$ cat work_28.txt   # compact mmCIF, C-alpha atoms
# COMPACT_ATOMS: atom_id res chain seq x y z
CA MET A 1 -37.59 -12.47 -81.27
CA GLU A 2 -36.42 -10.95 -77.97
CA THR A 3 -38.92 -11.10 -75.11
CA GLU A 4 -39.72 -7.75 -73.54
CA LYS A 5 -38.19 -7.44 -70.06
CA LYS A 6 -40.74 -7.10 -67.27
CA VAL A 7 -40.25 -4.40 -64.65
CA LEU A 8 -40.50 -5.79 -61.10
CA VAL A 9 -42.71 -3.82 -58.72
CA LYS A 10 -42.39 -3.98 -54.92
CA LYS A 11 -45.76 -4.65 -53.27
CA ALA A 12 -46.95 -3.32 -49.91
CA ASP A 13 -46.38 -6.71 -48.25
CA GLY A 14 -42.71 -6.72 -49.32
CA GLY A 15 -43.10 -9.16 -52.20
CA THR A 16 -42.52 -8.36 -55.85
CA GLU A 17 -44.49 -8.87 -59.04
CA ALA A 18 -44.18 -7.86 -62.67
CA PHE A 19 -45.71 -4.50 -63.52
CA ASP A 20 -49.24 -5.10 -64.78
CA ARG A 21 -50.46 -2.38 -67.12
CA ALA A 22 -54.03 -3.75 -67.07
CA LYS A 23 -54.14 -3.60 -63.26
CA LEU A 24 -53.16 0.07 -63.27
CA GLU A 25 -55.73 0.79 -65.99
CA ARG A 26 -58.47 -0.92 -63.95
CA SER A 27 -57.64 1.08 -60.82
CA LEU A 28 -57.82 4.34 -62.76
CA ARG A 29 -61.13 3.41 -64.39
CA ARG A 30 -62.61 2.47 -61.00
CA SER A 31 -61.81 5.98 -59.81
CA GLY A 32 -63.88 7.40 -62.67
CA ALA A 33 -61.02 8.55 -64.90
CA THR A 34 -61.89 8.93 -68.59
CA GLU A 35 -60.39 6.57 -71.16
CA ASP A 36 -58.23 9.40 -72.51
CA SER A 37 -56.92 10.08 -69.00
CA VAL A 38 -56.23 6.40 -68.42
CA ARG A 39 -54.20 6.12 -71.61
CA GLU A 40 -52.22 9.30 -70.95
CA ILE A 41 -51.43 8.47 -67.33
CA VAL A 42 -50.43 4.86 -67.97
CA ALA A 43 -48.22 5.88 -70.89
CA HIS A 44 -46.54 8.55 -68.75
CA ILE A 45 -45.93 6.19 -65.81
CA GLU A 46 -44.53 3.47 -68.06
CA THR A 47 -41.76 5.84 -69.16
CA GLU A 48 -40.61 6.22 -65.54
CA LEU A 49 -40.75 2.62 -64.33
CA TYR A 50 -37.66 0.91 -62.92
CA ASP A 51 -37.00 -2.39 -61.16
CA GLY A 52 -37.93 -2.11 -57.49
CA ILE A 53 -40.37 0.78 -57.85
CA SER A 54 -43.05 0.45 -55.17
CA THR A 55 -46.77 0.19 -55.78
CA ARG A 56 -47.09 3.19 -53.46
CA GLU A 57 -44.82 5.28 -55.68
CA ILE A 58 -46.84 4.32 -58.76
CA TYR A 59 -50.03 5.23 -56.90
CA ARG A 60 -48.64 8.62 -55.85
CA HIS A 61 -47.54 9.40 -59.38
CA ALA A 62 -50.94 8.46 -60.83
CA ARG A 63 -52.70 10.56 -58.21
CA VAL A 64 -50.58 13.61 -58.99
CA LEU A 65 -51.37 13.26 -62.69
CA LEU A 66 -55.09 12.90 -61.97
CA LYS A 67 -55.02 15.92 -59.67
CA LYS A 68 -53.42 18.04 -62.39
CA GLN A 69 -56.43 17.26 -64.57
CA GLY A 70 -58.69 18.64 -61.83
CA ALA A 71 -61.08 15.67 -61.89
CA PRO A 72 -63.06 14.13 -58.99
CA ALA A 73 -61.28 10.92 -59.98
CA ALA A 74 -58.18 12.18 -58.15
CA ALA A 75 -59.96 12.05 -54.80
CA LYS A 76 -61.51 8.67 -55.57
CA TYR A 77 -58.12 7.31 -56.53
CA SER A 78 -56.92 8.46 -53.09
CA LEU A 79 -59.64 6.50 -51.32
CA ARG A 80 -57.53 3.58 -50.14
CA ARG A 81 -54.91 5.90 -48.68
CA ALA A 82 -57.71 8.01 -47.20
CA LEU A 83 -58.93 5.02 -45.19
CA PHE A 84 -55.44 4.51 -43.73
CA ASP A 85 -55.40 8.19 -42.80
CA LEU A 86 -58.51 7.78 -40.67
CA GLY A 87 -56.36 6.04 -38.08
CA PRO A 88 -57.57 4.11 -35.05
CA THR A 89 -58.53 7.32 -33.24
CA GLY A 90 -60.32 10.54 -34.18
CA PHE A 91 -62.76 8.78 -36.47
CA PRO A 92 -62.41 5.01 -35.98
CA PHE A 93 -62.83 2.59 -38.86
CA GLU A 94 -65.90 0.98 -37.25
CA THR A 95 -67.62 4.37 -37.08
CA PHE A 96 -66.97 4.88 -40.78
CA LEU A 97 -68.40 1.40 -41.47
CA ALA A 98 -71.50 2.26 -39.45
CA GLU A 99 -72.11 5.21 -41.78
CA LEU A 100 -71.62 2.91 -44.76
CA PHE A 101 -74.21 0.39 -43.56
CA ALA A 102 -76.60 3.20 -42.62
CA ALA A 103 -76.47 4.37 -46.24
CA ASP A 104 -77.69 0.88 -47.19
CA GLY A 105 -80.80 1.22 -45.02
CA TYR A 106 -79.51 -0.28 -41.77
CA GLU A 107 -79.82 1.12 -38.29
CA THR A 108 -76.39 0.87 -36.74
CA LYS A 109 -74.59 0.91 -33.41
CA ALA A 110 -70.81 0.91 -33.08
CA GLY A 111 -68.80 -0.34 -30.12
CA ILE A 112 -71.43 -2.07 -27.96
CA THR A 113 -71.38 -5.04 -25.57
CA LEU A 114 -73.74 -7.95 -26.20
CA ARG A 115 -74.48 -11.02 -24.09
CA GLY A 116 -73.97 -14.30 -25.89
CA ARG A 117 -75.07 -17.78 -24.86
CA CYS A 118 -71.82 -18.20 -22.88
CA VAL A 119 -70.17 -14.80 -22.29
CA GLU A 120 -70.35 -11.11 -23.05
CA HIS A 121 -68.68 -9.77 -26.21
CA GLU A 122 -67.50 -6.32 -27.23
CA VAL A 123 -68.82 -5.93 -30.77
CA ASP A 124 -67.38 -3.36 -33.19
CA LEU A 125 -70.60 -2.90 -35.15
CA VAL A 126 -74.21 -4.04 -35.15
CA ALA A 127 -76.40 -3.27 -38.17
CA TYR A 128 -80.04 -4.24 -38.48
CA LYS A 129 -83.14 -3.76 -40.60
CA PRO A 130 -86.35 -5.77 -40.92
CA GLY A 131 -85.49 -9.43 -41.42
CA ARG A 132 -81.76 -9.08 -40.91
CA CYS A 133 -79.35 -8.29 -38.11
CA LEU A 134 -75.58 -8.62 -38.40
CA ILE A 135 -72.51 -8.12 -36.29
CA ALA A 136 -69.18 -7.04 -37.75
CA GLU A 137 -65.57 -7.24 -36.62
CA ALA A 138 -63.63 -4.25 -38.00
CA LYS A 139 -59.90 -4.84 -38.48
CA PHE A 140 -58.09 -1.60 -39.20
CA HIS A 141 -54.46 -1.83 -40.35
CA ALA A 142 -52.29 1.28 -40.59
CA ASN A 143 -49.81 -0.67 -42.73
CA PRO A 144 -51.14 -1.60 -46.21
CA GLY A 145 -48.91 -4.68 -46.21
CA LEU A 146 -50.71 -6.29 -43.27
CA LYS A 147 -53.50 -8.78 -43.93
CA SER A 148 -56.28 -10.20 -41.76
CA ASP A 149 -55.47 -13.86 -41.33
CA LEU A 150 -57.02 -17.17 -40.29
CA GLN A 151 -56.74 -16.39 -36.59
CA VAL A 152 -58.92 -13.31 -36.99
CA ALA A 153 -61.47 -15.26 -39.03
CA LEU A 154 -61.54 -18.03 -36.40
CA TYR A 155 -62.28 -15.77 -33.44
CA THR A 156 -64.80 -13.69 -35.42
CA HIS A 157 -66.72 -16.85 -36.31
CA ALA A 158 -66.50 -18.17 -32.73
CA ARG A 159 -67.96 -14.88 -31.45
CA PHE A 160 -70.78 -15.14 -33.97
CA GLU A 161 -71.56 -18.72 -32.90
CA ASP A 162 -71.99 -17.54 -29.31
CA LEU A 163 -74.13 -14.54 -30.35
CA LYS A 164 -76.16 -16.14 -33.15
CA GLY A 165 -79.87 -15.86 -32.46
CA ALA A 166 -79.36 -13.40 -29.62
CA ARG A 167 -81.60 -10.35 -29.65
CA LEU A 168 -80.45 -6.79 -29.27
CA PRO A 169 -81.13 -5.34 -25.81
CA HIS A 170 -82.99 -2.32 -27.21
CA SER A 171 -85.22 -4.33 -29.57
CA ALA A 172 -86.67 -7.82 -29.18
CA SER A 173 -87.39 -8.06 -32.91
CA HIS A 174 -83.81 -8.34 -34.18
CA PRO A 175 -82.12 -11.71 -33.65
CA ILE A 176 -78.54 -11.81 -34.91
CA THR A 177 -78.41 -13.71 -38.21
CA ASP A 178 -75.08 -12.88 -39.91
CA ALA A 179 -71.49 -11.97 -39.20
CA TYR A 180 -68.98 -9.92 -41.18
CA LEU A 181 -65.23 -9.57 -40.93
CA ILE A 182 -64.21 -6.28 -42.55
CA THR A 183 -60.74 -4.88 -43.14
CA ASN A 184 -59.28 -1.88 -44.93
CA THR A 185 -56.49 -4.05 -46.40
CA LYS A 186 -56.71 -7.68 -47.57
CA PHE A 187 -57.34 -11.21 -46.31
CA THR A 188 -54.97 -14.13 -46.51
CA SER A 189 -56.03 -16.93 -48.86
CA VAL A 190 -56.49 -19.29 -45.89
CA ALA A 191 -58.82 -16.81 -44.14
CA ILE A 192 -60.90 -16.60 -47.34
CA GLU A 193 -61.01 -20.40 -47.62
CA TYR A 194 -62.13 -20.81 -44.01
CA ALA A 195 -64.77 -18.06 -44.23
CA ALA A 196 -66.27 -19.65 -47.35
CA CYS A 197 -66.51 -22.98 -45.54
CA VAL A 198 -68.26 -21.70 -42.38
CA GLY A 199 -70.37 -18.96 -43.97
CA LEU A 200 -68.53 -15.97 -42.51
CA ARG A 201 -68.97 -12.90 -44.72
CA LEU A 202 -65.80 -11.06 -45.69
CA LEU A 203 -65.39 -7.51 -46.96
CA SER A 204 -62.07 -5.89 -47.81
CA TRP A 205 -60.62 -3.36 -50.19
CA ASN A 206 -60.62 -5.89 -53.03
CA TYR A 207 -62.91 -8.71 -51.80
CA PRO A 208 -65.37 -10.16 -52.67
CA PRO A 209 -64.88 -9.46 -56.38
CA GLU A 210 -68.57 -8.86 -57.03
CA ARG A 211 -68.80 -6.01 -54.46
CA THR A 212 -65.67 -4.90 -52.65
CA LEU A 213 -65.32 -2.36 -49.86
CA GLN A 214 -64.21 0.13 -52.50
CA ASP A 215 -67.39 -0.56 -54.50
CA ALA A 216 -69.60 -0.17 -51.42
CA ILE A 217 -68.04 3.20 -50.54
CA GLN A 218 -68.38 4.55 -54.07
CA GLU A 219 -71.97 3.32 -54.42
CA ALA A 220 -72.96 4.95 -51.12
CA GLY A 221 -71.00 8.16 -51.77
CA ILE A 222 -69.64 8.03 -48.22
CA TYR A 223 -66.14 9.50 -48.46
CA PRO A 224 -63.86 10.58 -45.59
CA VAL A 225 -62.43 14.09 -45.66
CA THR A 226 -59.00 12.44 -45.83
CA ALA A 227 -59.73 11.79 -49.54
CA LEU A 228 -59.81 15.51 -50.38
CA SER A 229 -56.91 16.85 -52.40
CA THR A 230 -57.69 20.42 -51.29
CA LEU A 231 -56.63 19.59 -47.71
CA SER A 232 -53.13 19.20 -46.32
CA GLY A 233 -52.29 16.40 -43.91
CA ARG A 234 -52.38 18.82 -40.98
CA GLU A 235 -55.79 20.13 -42.03
CA LYS A 236 -57.19 16.62 -42.35
CA ARG A 237 -56.02 15.76 -38.84
CA LEU A 238 -57.52 19.01 -37.56
CA LEU A 239 -60.95 18.16 -38.98
CA LEU A 240 -60.86 14.56 -37.76
CA GLY A 241 -59.93 15.78 -34.30
CA ARG A 242 -63.10 17.90 -34.32
CA GLY A 243 -65.25 14.96 -35.46
CA MET A 244 -65.63 16.49 -38.93
CA ALA A 245 -65.01 13.35 -40.92
CA LEU A 246 -67.37 12.92 -43.88
CA CYS A 247 -67.32 14.87 -47.13
CA ARG A 248 -71.10 14.83 -47.43
CA ASP A 249 -71.35 17.09 -44.36
CA MET A 250 -68.86 19.68 -45.62
CA PRO A 251 -71.51 22.19 -46.89
CA HIS A 252 -72.92 22.44 -43.34
CA TRP A 253 -69.59 23.36 -41.75
CA ARG A 254 -68.96 26.86 -43.13
CA ASP A 255 -69.14 28.60 -39.75
CA ALA A 256 -67.13 25.90 -37.99
CA LEU A 257 -64.46 25.98 -40.69
CA ARG A 258 -64.14 29.76 -40.43
CA SER A 259 -63.67 29.44 -36.67
CA LEU A 260 -60.83 26.98 -37.35
CA GLY A 261 -59.03 29.58 -39.47
CA PHE A 262 -59.92 28.48 -43.01
CA SER A 263 -60.33 31.30 -45.50
CA THR A 264 -63.61 31.77 -47.35
CA ALA A 265 -61.95 30.87 -50.66
CA LYS A 266 -60.44 27.69 -49.20
CA ILE A 267 -63.77 26.68 -47.67
CA GLU A 268 -65.55 27.05 -51.00
CA ARG A 269 -62.89 24.92 -52.74
CA MET A 270 -63.27 22.24 -50.06
CA ILE A 271 -67.04 22.24 -50.40
CA ALA A 272 -66.90 22.13 -54.19
CA GLU A 273 -64.55 19.14 -54.17
CA SER A 274 -66.67 17.37 -51.53
CA VAL A 275 -69.90 17.88 -53.47
CA ASN A 276 -68.33 16.72 -56.74
CA LEU A 277 -66.84 13.67 -55.08
CA CYS A 278 -70.10 12.54 -53.43
CA ARG A 279 -72.13 13.28 -56.56
CA ASN A 280 -69.85 11.32 -58.86
$ encode --input "work_28.txt" --output "C-alpha cells"
Amino acid sequence: METEKKVLVKKADGGTEAFDRAKLERSLRRSGATEDSVREIVAHIETELYDGISTREIYRHARVLLKKQGAPAAAKYSLRRALFDLGPTGFPFETFLAELFAADGYETKAGITLRGRCVEHEVDLVAYKPGRCLIAEAKFHANPGLKSDLQVALYTHARFEDLKGARLPHSASHPITDAYLITNTKFTSVAIEYAACVGLRLLSWNYPPERTLQDAIQEAGIYPVTALSTLSGREKRLLLGRGMALCRDMPHWRDALRSLGFSTAKIERMIAESVNLCRN
C-alpha cells in the first residue's frame, strides 16, 4: 500500500515540518470555531496545500474563511498576529501585560526602577496583591520566528535574585516573591529547561501547556484593537497612536472615534465586534 505523501510546511523560524491537520484543528477550536466550521475550513485548506507553504499563509487563509462566516472566532484566531501589531511603541507589550494581570486581581505598575540588594534595575512590570508580589521581564519580538533564549532567562533570573525580598517603594507590605519571563513568541528548549531548574516562571504564546499566554488573554477577555477584523491596518495604527488600545473600551469612544473621521455605521460595527469578542 502506498504511503500518503506529507506536505512540508515552512515554519516562522525558517524550519520545515509536515502539515499537521490536528494542529490546525486545535488552533481553530481554541479560537471558538464550531466543529462544523473546523471541518469545513480544514478540508478547504487541505485542497490548496503545496510543499513550502508557510504557516503564515495557512493562518491567513483560515482567518479569511472564519471572517466570511462572520464569527467572533475570526478575531480570536487573529490574536497572535494582533500582539505583533502592537509593536514596541504606541501601546507597548508590557502595558498590555499590566492590563492582563490587573484582570487577575493584581495592582500593577509598568516600567519602574527598583533598588535591589546590589544595584538598581529597570523592571518592565510589577504586579502585586495580598501575599504575592512579582516582577516580569517582557520580551516583545516583531518577528514570529524569534525565540527568547537561555541568555534572556539567565539575566531575568539574576535580576530577580538581586530584587528578591525587596519591598516596593510605595508599599512596605509587598516583598517581591516571584519572577516571570513573558514573550509574545516562544522559548528555546534550553531556556525552558533552565527556568524549570531555578524556579523562573515562563509565559509565552504556547507555554506552559496548562495555561498559555493565549489562554490567559482569552480568559480575561483583554483583547487589543489590532485583533478587530473591522479595522484596516492604518486604522489600527491610528487608534494605537491615540492610546486607544483595548477592545473592552470601544463602547466609550464614540465621540473620540467620530472626531477621528469614523462614520457612525463603522463605529457601530467596531463596537459590535469588540463587545462580541470580549463576551465570547
$ closest_residue --input "work_28.txt" --among "A:Gly241, A:Gly261, A:Gly32, A:Pro144" --to "Lys186 of chain A" --atoms "all atoms listed in the file"
A:Pro144
$ residues_near_point --input "work_28.txt" --point "(-71.9, 2.2, -36.2)" --cutoff "9 Å" --atoms "all atoms listed in the file" --output "ChimeraX atom specification"
/A:94-102,107-111,124-127
$ residues_near_point --input "work_28.txt" --point "(-52.0, 18.7, -51.2)" --cutoff "12 Å" --atoms "only C-alpha atoms" --output "MDAnalysis selection string"
chainID A and resid 60 63:64 67:68 74:75 78 226:236 270
$ closest_residue --input "work_28.txt" --among "A:Leu28, A:Val152, A:Val7, A:Ala22" --to "Asp51 of chain A" --atoms "only C-alpha atoms"
A:Val7
$ residues_around --input "work_28.txt" --residues "Ala136 of chain A" --least-positions-apart "4" --cutoff "6 Å" --atoms "all atoms listed in the file" --output "count of residues only"
4
$ closest_residue --input "work_28.txt" --among "A:Ala191, A:Ala82, A:Gly221, A:Ile112" --to "Lys147 of chain A" --atoms "only C-alpha atoms"
A:Ala191
$ atom_distance --input "work_28.txt" --atom1 "atom CA of Phe160 of chain A" --atom2 "atom CA of Glu122 of chain A"
11.6 Å
$ atom_distance --input "work_28.txt" --atom1 "atom CA of Gly165 of chain A" --atom2 "atom CA of Gly199 of chain A"
15.2 Å
$ axis_aligned_box --input "work_28.txt" --around "segment 96-102 of chain A" --padding-each-side "6 Å" --output "lines of an AutoDock Vina configuration file"
center_x = -71.8
center_y = 2.8
center_z = -42.1
size_x = 21.6
size_y = 16.8
size_z = 17.3
$ closest_residue --input "work_28.txt" --among "A:Ala33, A:Val9, A:Leu203, A:Leu240" --to "Lys139 of chain A" --atoms "all atoms listed in the file"
A:Leu203
$ atom_distance --input "work_28.txt" --atom1 "atom CA of Pro92 of chain A" --atom2 "atom CA of Phe140 of chain A"
8.5 Å
$ residues_around --input "work_28.txt" --residues "Ile267 of chain A" --least-positions-apart "3" --cutoff "8 Å" --atoms "all atoms listed in the file" --output "list in words"
Arg254, Leu257, Arg258, Phe262, Ser263, Thr264, Met270 and Ile271 of chain A
$ closest_residue --input "work_28.txt" --among "A:Gly131, A:Pro208, A:Gly145, A:Pro224" --to "Gly15 of chain A" --atoms "all atoms listed in the file"
A:Gly145
